[in-house]
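Reproduced below: data15.txt, with compact mmCIF, C-alpha atoms.
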```txt
# COMPACT_ATOMS: atom_id res chain seq x y z
CA MET A 1 114.07 103.56 -46.91
CA GLY A 2 114.12 101.30 -49.97
CA ASP A 3 110.31 101.11 -50.04
CA VAL A 4 110.05 104.90 -49.93
CA THR A 5 112.50 105.24 -52.82
CA THR A 6 110.65 102.64 -54.88
CA MET A 7 107.33 104.35 -54.20
CA GLY A 8 108.76 107.70 -55.26
CA THR A 9 110.13 106.26 -58.49
CA THR A 10 106.76 104.70 -59.28
CA GLN A 11 104.96 107.98 -58.62
CA ARG A 12 107.29 109.76 -61.06
CA ARG A 13 106.94 107.09 -63.73
CA ARG A 14 103.15 106.98 -63.78
CA PRO A 15 102.69 110.56 -65.10
CA GLU A 16 105.40 109.86 -67.67
CA LEU A 17 103.55 106.70 -68.73
CA ALA A 18 100.27 108.61 -69.04
CA ALA A 19 101.84 111.36 -71.16
CA PHE A 20 103.67 108.84 -73.33
CA LEU A 21 100.51 106.85 -74.11
CA ARG A 22 98.46 109.97 -74.85
CA GLY A 23 101.13 111.29 -77.20
CA ARG A 24 101.45 108.01 -79.10
CA ARG A 25 97.68 107.59 -79.33
CA ALA A 26 97.35 111.07 -80.82
CA ARG A 27 99.65 110.28 -83.74
CA VAL A 28 97.84 107.10 -84.89
CA THR A 29 94.92 107.87 -87.20
CA PRO A 30 91.90 105.62 -87.78
CA ALA A 31 93.13 105.09 -91.34
CA ASP A 32 96.42 103.74 -89.95
CA VAL A 33 94.56 100.86 -88.30
CA GLY A 34 91.94 100.31 -91.00
CA MET A 35 89.07 102.16 -89.31
CA PRO A 36 86.74 104.72 -90.93
CA PRO A 37 87.41 108.29 -89.74
CA GLY A 38 83.81 108.87 -88.65
CA LEU A 39 82.04 112.19 -88.13
CA ARG A 40 82.55 114.83 -85.45
CA ARG A 41 85.96 113.46 -84.54
CA ARG A 42 87.61 116.10 -82.39
CA THR A 43 90.20 113.78 -80.83
CA PRO A 44 93.53 113.77 -82.69
CA GLY A 45 94.37 110.20 -83.51
CA LEU A 46 92.56 107.29 -81.89
CA ARG A 47 90.11 107.46 -79.00
CA ARG A 48 90.83 105.53 -75.81
CA GLU A 49 88.01 103.09 -76.45
CA GLU A 50 89.39 102.41 -79.93
CA VAL A 51 92.83 101.60 -78.55
CA ALA A 52 91.24 99.31 -75.98
CA GLN A 53 89.14 97.55 -78.61
CA LEU A 54 92.04 97.07 -81.02
CA SER A 55 94.27 95.84 -78.20
CA GLY A 56 91.73 93.41 -76.81
CA VAL A 57 91.62 95.01 -73.35
CA GLY A 58 88.88 96.62 -71.33
CA VAL A 59 88.13 100.31 -71.87
CA THR A 60 88.25 101.02 -68.14
CA TRP A 61 91.57 99.20 -67.75
CA TYR A 62 93.18 101.09 -70.62
CA THR A 63 91.75 104.41 -69.37
CA TRP A 64 93.27 103.79 -65.97
CA LEU A 65 96.59 102.84 -67.58
CA GLU A 66 96.63 106.07 -69.57
CA GLN A 67 95.67 108.05 -66.49
CA GLY A 68 98.71 106.68 -64.70
CA ARG A 69 96.76 104.83 -62.04
CA PRO A 70 98.63 102.12 -60.06
CA ILE A 71 97.38 99.07 -61.97
CA ASN A 72 99.31 95.97 -62.97
CA ALA A 73 100.08 95.30 -66.63
CA SER A 74 101.46 92.10 -68.12
CA GLY A 75 103.93 91.92 -70.97
CA HIS A 76 101.27 90.29 -73.13
CA VAL A 77 98.90 93.23 -72.67
CA LEU A 78 101.63 95.82 -73.17
CA ASP A 79 102.61 94.09 -76.41
CA ALA A 80 99.03 94.38 -77.64
CA VAL A 81 98.91 98.09 -76.80
CA ALA A 82 102.31 98.61 -78.43
CA ARG A 83 101.10 97.00 -81.67
CA THR A 84 97.96 99.13 -81.72
CA LEU A 85 99.94 102.32 -81.16
CA ARG A 86 102.50 101.22 -83.77
CA LEU A 87 105.42 101.61 -81.38
CA ASP A 88 108.88 100.91 -82.70
CA LYS A 89 111.40 98.84 -80.77
CA ALA A 90 112.79 101.73 -78.70
CA GLU A 91 109.30 103.01 -77.86
CA ARG A 92 108.14 99.52 -76.88
CA GLU A 93 111.06 99.12 -74.49
CA HIS A 94 110.33 102.59 -73.05
CA LEU A 95 106.70 101.57 -72.48
CA TYR A 96 107.82 98.52 -70.52
CA HIS A 97 110.13 100.56 -68.31
CA LEU A 98 107.49 103.18 -67.56
CA ALA A 99 104.97 100.45 -66.72
CA GLU A 100 107.62 98.76 -64.51
CA VAL A 101 107.36 95.45 -66.35
CA PRO A 102 110.56 93.48 -67.11
CA TYR A 103 111.40 94.12 -70.74
CA GLU A 104 111.73 91.22 -73.19
CA PRO A 105 112.54 91.69 -76.89
CA ASP A 106 109.60 90.99 -79.18
CA ARG A 107 109.74 87.26 -79.89
CA ARG A 108 107.83 87.74 -83.10
CA ALA A 109 110.75 89.62 -84.62
CA ALA A 110 112.80 87.41 -86.90
CA SER A 111 116.42 86.83 -86.05
CA PRO A 112 118.53 88.82 -88.49
CA ALA A 113 119.97 86.83 -91.40
CA ALA A 114 122.94 89.15 -91.93
CA VAL A 115 124.64 92.23 -90.50
CA GLY A 116 124.86 95.72 -91.92
CA PRO A 117 128.00 97.35 -93.31
CA GLU A 118 128.71 99.13 -90.01
CA ILE A 119 129.02 95.89 -88.04
CA GLN A 120 130.91 94.20 -90.87
CA GLY A 121 133.31 97.14 -90.84
CA ILE A 122 133.90 96.75 -87.11
CA ILE A 123 134.83 93.08 -87.29
CA ASP A 124 136.97 93.72 -90.37
CA ALA A 125 138.84 96.38 -88.39
CA LEU A 126 139.63 93.78 -85.71
CA ASP A 127 141.75 91.84 -88.23
CA PRO A 128 144.38 90.38 -87.61
CA HIS A 129 142.34 89.08 -84.69
CA PRO A 130 139.61 86.59 -85.66
CA ALA A 131 136.10 87.99 -85.19
CA VAL A 132 132.63 86.69 -85.99
CA VAL A 133 128.99 87.68 -85.44
CA TYR A 134 126.79 84.95 -83.94
CA ASN A 135 123.13 84.98 -83.08
CA GLU A 136 121.88 83.18 -79.97
CA ARG A 137 121.66 79.91 -81.90
CA TYR A 138 125.34 80.17 -82.93
CA ASP A 139 124.49 80.78 -86.59
CA ILE A 140 127.41 82.56 -88.24
CA LEU A 141 126.15 85.89 -89.60
CA ALA A 142 129.46 87.51 -90.59
CA THR A 143 133.18 86.86 -90.36
CA ASN A 144 136.45 88.70 -90.93
CA PRO A 145 139.47 87.34 -92.87
CA ALA A 146 141.33 86.20 -89.73
CA TYR A 147 138.33 84.15 -88.60
CA ARG A 148 138.19 82.51 -92.02
CA ASP A 149 141.91 81.78 -91.79
CA LEU A 150 141.39 79.86 -88.57
CA PHE A 151 138.05 78.15 -89.11
CA PHE A 152 138.11 76.99 -92.74
CA VAL A 153 134.94 78.84 -93.65
CA PRO A 154 135.01 77.74 -97.35
CA GLN A 155 134.83 74.10 -96.27
CA LEU A 156 132.21 75.03 -93.69
CA GLU A 157 130.05 76.57 -96.41
CA ALA A 158 130.55 73.49 -98.57
CA PHE A 159 129.44 71.41 -95.59
CA GLY A 160 126.16 73.28 -95.90
CA VAL A 161 125.32 74.57 -92.39
CA PRO A 162 127.34 77.62 -91.21
CA ASN A 163 126.48 77.10 -87.56
CA VAL A 164 129.10 76.61 -84.89
CA LEU A 165 127.30 73.91 -82.95
CA TRP A 166 126.34 71.98 -86.06
CA THR A 167 129.98 72.12 -87.14
CA LEU A 168 131.29 71.04 -83.74
CA PHE A 169 129.04 68.00 -83.50
CA ILE A 170 128.78 66.96 -87.15
CA ALA A 171 131.51 68.37 -89.42
CA PRO A 172 134.76 66.42 -89.88
CA ASP A 173 138.22 67.76 -89.08
CA PRO A 174 139.83 70.12 -90.00
CA VAL A 175 136.67 72.16 -90.57
CA CYS A 176 136.22 72.32 -86.81
CA PRO A 177 139.68 72.79 -85.25
CA LEU A 178 138.56 73.05 -81.61
CA VAL A 179 140.69 71.06 -79.16
CA PHE A 180 139.45 69.77 -75.77
CA ARG A 181 135.91 69.30 -77.01
CA ASP A 182 134.92 67.28 -73.94
CA GLU A 183 135.35 70.45 -71.85
CA GLU A 184 134.09 72.98 -74.36
CA LEU A 185 131.00 71.35 -75.84
CA PRO A 186 129.00 71.07 -72.58
CA VAL A 187 129.58 74.80 -71.93
CA MET A 188 128.42 75.78 -75.43
CA VAL A 189 125.30 73.60 -75.23
CA ALA A 190 124.52 75.06 -71.80
CA THR A 191 124.88 78.55 -73.30
CA LEU A 192 122.51 77.56 -76.10
CA ARG A 193 119.95 76.31 -73.58
CA SER A 194 120.19 79.57 -71.65
CA SER A 195 119.17 81.40 -74.84
CA TYR A 196 116.56 78.78 -75.72
CA GLY A 197 114.51 79.78 -72.70
CA ARG A 198 113.55 82.97 -74.57
CA HIS A 199 112.52 81.04 -77.69
CA VAL A 200 110.66 77.97 -76.45
CA GLY A 201 108.08 76.94 -79.02
CA GLU A 202 109.48 79.01 -81.89
CA PRO A 203 109.54 76.84 -85.04
CA ALA A 204 113.07 77.77 -86.14
CA TRP A 205 114.53 76.94 -82.73
CA GLU A 206 112.54 73.77 -82.22
CA GLU A 207 113.50 72.52 -85.68
CA PHE A 208 117.17 73.31 -85.06
CA ILE A 209 117.20 71.40 -81.76
CA ARG A 210 115.29 68.47 -83.30
CA ARG A 211 117.58 68.16 -86.33
CA LEU A 212 120.82 68.47 -84.38
CA SER A 213 119.61 66.00 -81.74
CA ALA A 214 118.71 63.52 -84.47
CA ALA A 215 122.09 63.98 -86.18
CA SER A 216 124.24 63.82 -83.02
CA ALA A 217 123.60 61.53 -80.06
CA HIS A 218 126.27 63.46 -78.14
CA PHE A 219 124.42 66.75 -78.60
CA ALA A 220 121.13 65.08 -77.63
CA GLU A 221 122.73 63.77 -74.43
CA LEU A 222 124.15 67.18 -73.48
CA TRP A 223 120.87 68.90 -74.31
CA GLU A 224 118.90 66.55 -72.09
CA SER A 225 121.17 67.37 -69.16
CA GLY A 226 119.35 70.70 -68.82
CA ASP A 227 122.47 72.67 -67.87
CA VAL A 228 122.45 76.43 -68.53
CA ALA A 229 125.31 78.96 -68.69
CA PRO A 230 125.69 82.56 -69.95
CA PRO A 231 128.20 83.49 -72.67
CA GLY A 232 131.48 84.81 -71.34
CA PRO A 233 135.24 85.05 -71.89
CA ARG A 234 137.08 81.75 -72.22
CA VAL A 235 140.49 80.48 -73.32
CA LYS A 236 140.10 77.97 -76.13
CA THR A 237 142.66 75.88 -77.96
CA PHE A 238 142.50 75.39 -81.72
CA ARG A 239 144.61 73.15 -83.89
CA HIS A 240 145.29 74.36 -87.44
CA GLU A 241 146.90 71.96 -89.87
CA ALA A 242 149.27 74.66 -91.15
CA VAL A 243 150.67 76.14 -87.91
CA GLY A 244 149.72 73.83 -85.05
CA GLU A 245 147.91 74.73 -81.83
CA LEU A 246 146.81 78.23 -80.86
CA ARG A 247 145.46 79.24 -77.47
CA MET A 248 142.96 82.06 -77.97
CA THR A 249 140.93 84.12 -75.51
CA SER A 250 137.36 84.65 -76.73
CA VAL A 251 135.38 87.71 -75.65
CA SER A 252 131.71 88.35 -76.44
CA LEU A 253 130.55 91.89 -77.21
CA SER A 254 126.90 92.92 -77.40
CA ILE A 255 125.63 94.78 -80.46
CA ASN A 256 123.38 97.79 -79.99
CA GLY A 257 120.19 97.28 -81.99
CA MET A 258 120.77 93.52 -82.36
CA PRO A 259 119.95 92.16 -78.88
CA GLU A 260 120.09 88.51 -79.93
CA CYS A 261 123.47 88.78 -81.63
CA ARG A 262 127.01 89.27 -80.42
CA ILE A 263 130.50 89.83 -81.75
CA VAL A 264 132.99 87.22 -80.58
CA ALA A 265 136.63 88.26 -80.94
CA TYR A 266 139.67 86.03 -80.38
CA THR A 267 143.10 87.20 -79.22
CA PRO A 268 146.23 85.06 -78.69
CA ASP A 269 146.62 84.02 -75.07
CA ASP A 270 150.43 83.60 -75.12
CA GLU A 271 153.49 84.49 -77.17
CA GLU A 272 153.64 81.17 -78.99
CA SER A 273 150.03 81.51 -80.07
CA ARG A 274 150.72 85.07 -81.18
CA ARG A 275 153.62 83.87 -83.31
CA ARG A 276 151.57 81.09 -84.87
CA ALA A 277 148.69 83.47 -85.56
CA ALA A 278 151.13 85.69 -87.45
CA GLU A 279 152.33 82.66 -89.42
CA LEU A 280 148.77 81.80 -90.31
CA ARG A 281 148.10 85.35 -91.44
CA ALA A 282 151.22 85.26 -93.64
CA LEU A 283 149.80 82.21 -95.44
CA ARG A 284 146.75 84.18 -96.52
CA PRO A 285 146.71 84.51 -100.34
CA PRO A 286 147.01 88.06 -101.74
CA GLU A 287 143.73 89.88 -102.19
CA GLY A 288 142.00 88.92 -105.42
CA GLU A 289 143.62 85.48 -105.72
CA GLY A 290 141.92 82.12 -105.23
CA THR A 291 139.79 81.57 -102.17
CA GLU A 292 139.51 77.80 -102.09
CA GLY A 293 140.93 75.66 -99.33
CA PRO A 294 142.95 76.43 -96.22
CA PRO A 295 144.26 78.52 -94.68
CA GLY A 296 141.48 81.04 -95.43
CA THR A 297 139.70 83.28 -97.86
CA GLN A 298 139.88 86.87 -98.98
CA GLY A 299 137.23 89.53 -98.89
CA SER A 300 134.57 90.22 -96.29
CA ARG A 301 131.02 89.17 -96.75
CA PRO A 302 128.14 88.22 -94.52
CA LEU A 303 126.65 84.76 -94.78
CA THR A 304 123.03 84.34 -95.81
CA ARG A 305 120.20 81.98 -94.96
CA THR A 306 117.47 80.35 -96.95
CA GLY A 307 113.84 81.12 -96.30
CA SER A 308 113.49 77.93 -94.27
CA GLY A 309 115.69 79.37 -91.54
CA LEU A 310 118.44 76.87 -92.33
CA TRP A 311 121.73 77.83 -93.83
CA SER A 312 122.70 77.55 -97.45
```
As structure tokens:
Amino acid sequence: MGDVTTMGTTQRRRPELAAFLRGRRARVTPADVGMPPGLRRRTPGLRREEVAQLSGVGVTWYTWLEQGRPINASGHVLDAVARTLRLDKAEREHLYHLAEVPYEPDRRAASPAAVGPEIQGIIDALDPHPAVVYNERYDILATNPAYRDLFFVPQLEAFGVPNVLWTLFIAPDPVCPLVFRDEELPVMVATLRSSYGRHVGEPAWEEFIRRLSAASAHFAELWESGDVAPPGPRVKTFRHEAVGELRMTSVSLSINGMPECRIVAYTPDDEESRRRAAELRALRPPEGEGTEGPPGTQGSRPLTRTGSGLWS
């Protein structure tokens, strides 16, 4: 029964794939791809042979693909066709689904260096709960005031590398207030390695791993273990010099349109932690006053990166 259902789904998708490719080919002009218009052109947009040539695939193969014939297509070939047809991110993902190829985000796309005002507004609205936006490498892209209360972001910025893992392995206390590091660090490195599988060979990732391994023998040891783990909810303990220990539940939330980033929000795990979080919030200076030193800073702003891919 399952084979019949799968076959039926494939038969429905192939005509959709054919129509989708024809429609996208029709909207791309020769001028769009740097080709002369030529004479006697009756085809709107590009011809099939032109798409095949620009994509580096055979004319027959592309013709069969556009006709919806049952042929196999790799992600590499679909990427080439998507670039020729100038597909945006949503269209590229749709192409993958119609061709029944597992979708992977375009690795050539740079990881965002900051978030937009909509996402910043969401994490600000989570205050008084700490919230942050991380990318897959644990770079800190944006924070809210409660996160800055807890994690000493001004000192972190002065340290020079707003990255959670770099802070955990390199920065001195109290910049990194995480307790029970022996239990937490292996999980975080395993989560990093799980993401790394999608970025093997990318210069920014390879440089990050190389530099952190050189700076921390402990990180290098954990990295060489090869363990992998997905992100997920955890209860973590933090020690703040002003209020003592807080047990916080962390939850990761995906961000639509930013597949390699996530919001991580922290909520008190018990009444004592809730009381201490309120004490910490009460220590926050009034808006507009000084922002140096613990317990936090005022104002919301995303963090930015230098062109090298490292943090400034």
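Taking atom CA of A:Glu93 and atom CA of A:Glu260 as the two end points, the separation is 15.0 Å.
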Please provide as a ChimeraX atom specification all residues within 8 Å of stretch 78-88 of chain A, with the sequence filter that same-chain residues fewer than 5 positions apart are discarded (counting only C-alpha atoms).
-> /A:24-25,28,33,51-52,54-56,73,95-96
Counting all atoms listed in the file, find the residues whose atoms lie at most 10 Å from (132.5, 90.7, -86.8) (file coordinates) and write them out as a ChimeraX atom specification.
-> /A:115,118-127,130-134,140-145,147,253,262-265,300,302
Selected residues written out, C-alpha atoms, as a compact mmCIF listing (two decimals), in the frame of the given file:
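See again_38.txt below for the written result:
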```txt
# COMPACT_ATOMS: atom_id res chain seq x y z
CA VAL A 115 124.64 92.23 -90.50
CA GLU A 118 128.71 99.13 -90.01
CA ILE A 119 129.02 95.89 -88.04
CA GLN A 120 130.91 94.20 -90.87
CA GLY A 121 133.31 97.14 -90.84
CA ILE A 122 133.90 96.75 -87.11
CA ILE A 123 134.83 93.08 -87.29
CA ASP A 124 136.97 93.72 -90.37
CA ALA A 125 138.84 96.38 -88.39
CA LEU A 126 139.63 93.78 -85.71
CA ASP A 127 141.75 91.84 -88.23
CA PRO A 130 139.61 86.59 -85.66
CA ALA A 131 136.10 87.99 -85.19
CA VAL A 132 132.63 86.69 -85.99
CA VAL A 133 128.99 87.68 -85.44
CA TYR A 134 126.79 84.95 -83.94
CA ILE A 140 127.41 82.56 -88.24
CA LEU A 141 126.15 85.89 -89.60
CA ALA A 142 129.46 87.51 -90.59
CA THR A 143 133.18 86.86 -90.36
CA ASN A 144 136.45 88.70 -90.93
CA PRO A 145 139.47 87.34 -92.87
CA TYR A 147 138.33 84.15 -88.60
CA LEU A 253 130.55 91.89 -77.21
CA ARG A 262 127.01 89.27 -80.42
CA ILE A 263 130.50 89.83 -81.75
CA VAL A 264 132.99 87.22 -80.58
CA ALA A 265 136.63 88.26 -80.94
CA SER A 300 134.57 90.22 -96.29
CA PRO A 302 128.14 88.22 -94.52
```
By how many Å are atom CA of A:Ser225 and atom CA of A:Val189 apart?
->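 Distance reported for this atom pair: 9.6 Å.
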Using all atoms listed in the file, which residue out of A:Met188, A:Ala282, A:Leu17, A:Val179 lies closest to A:Val164?
->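 Smallest separation from A:Val164 among the options: A:Met188.
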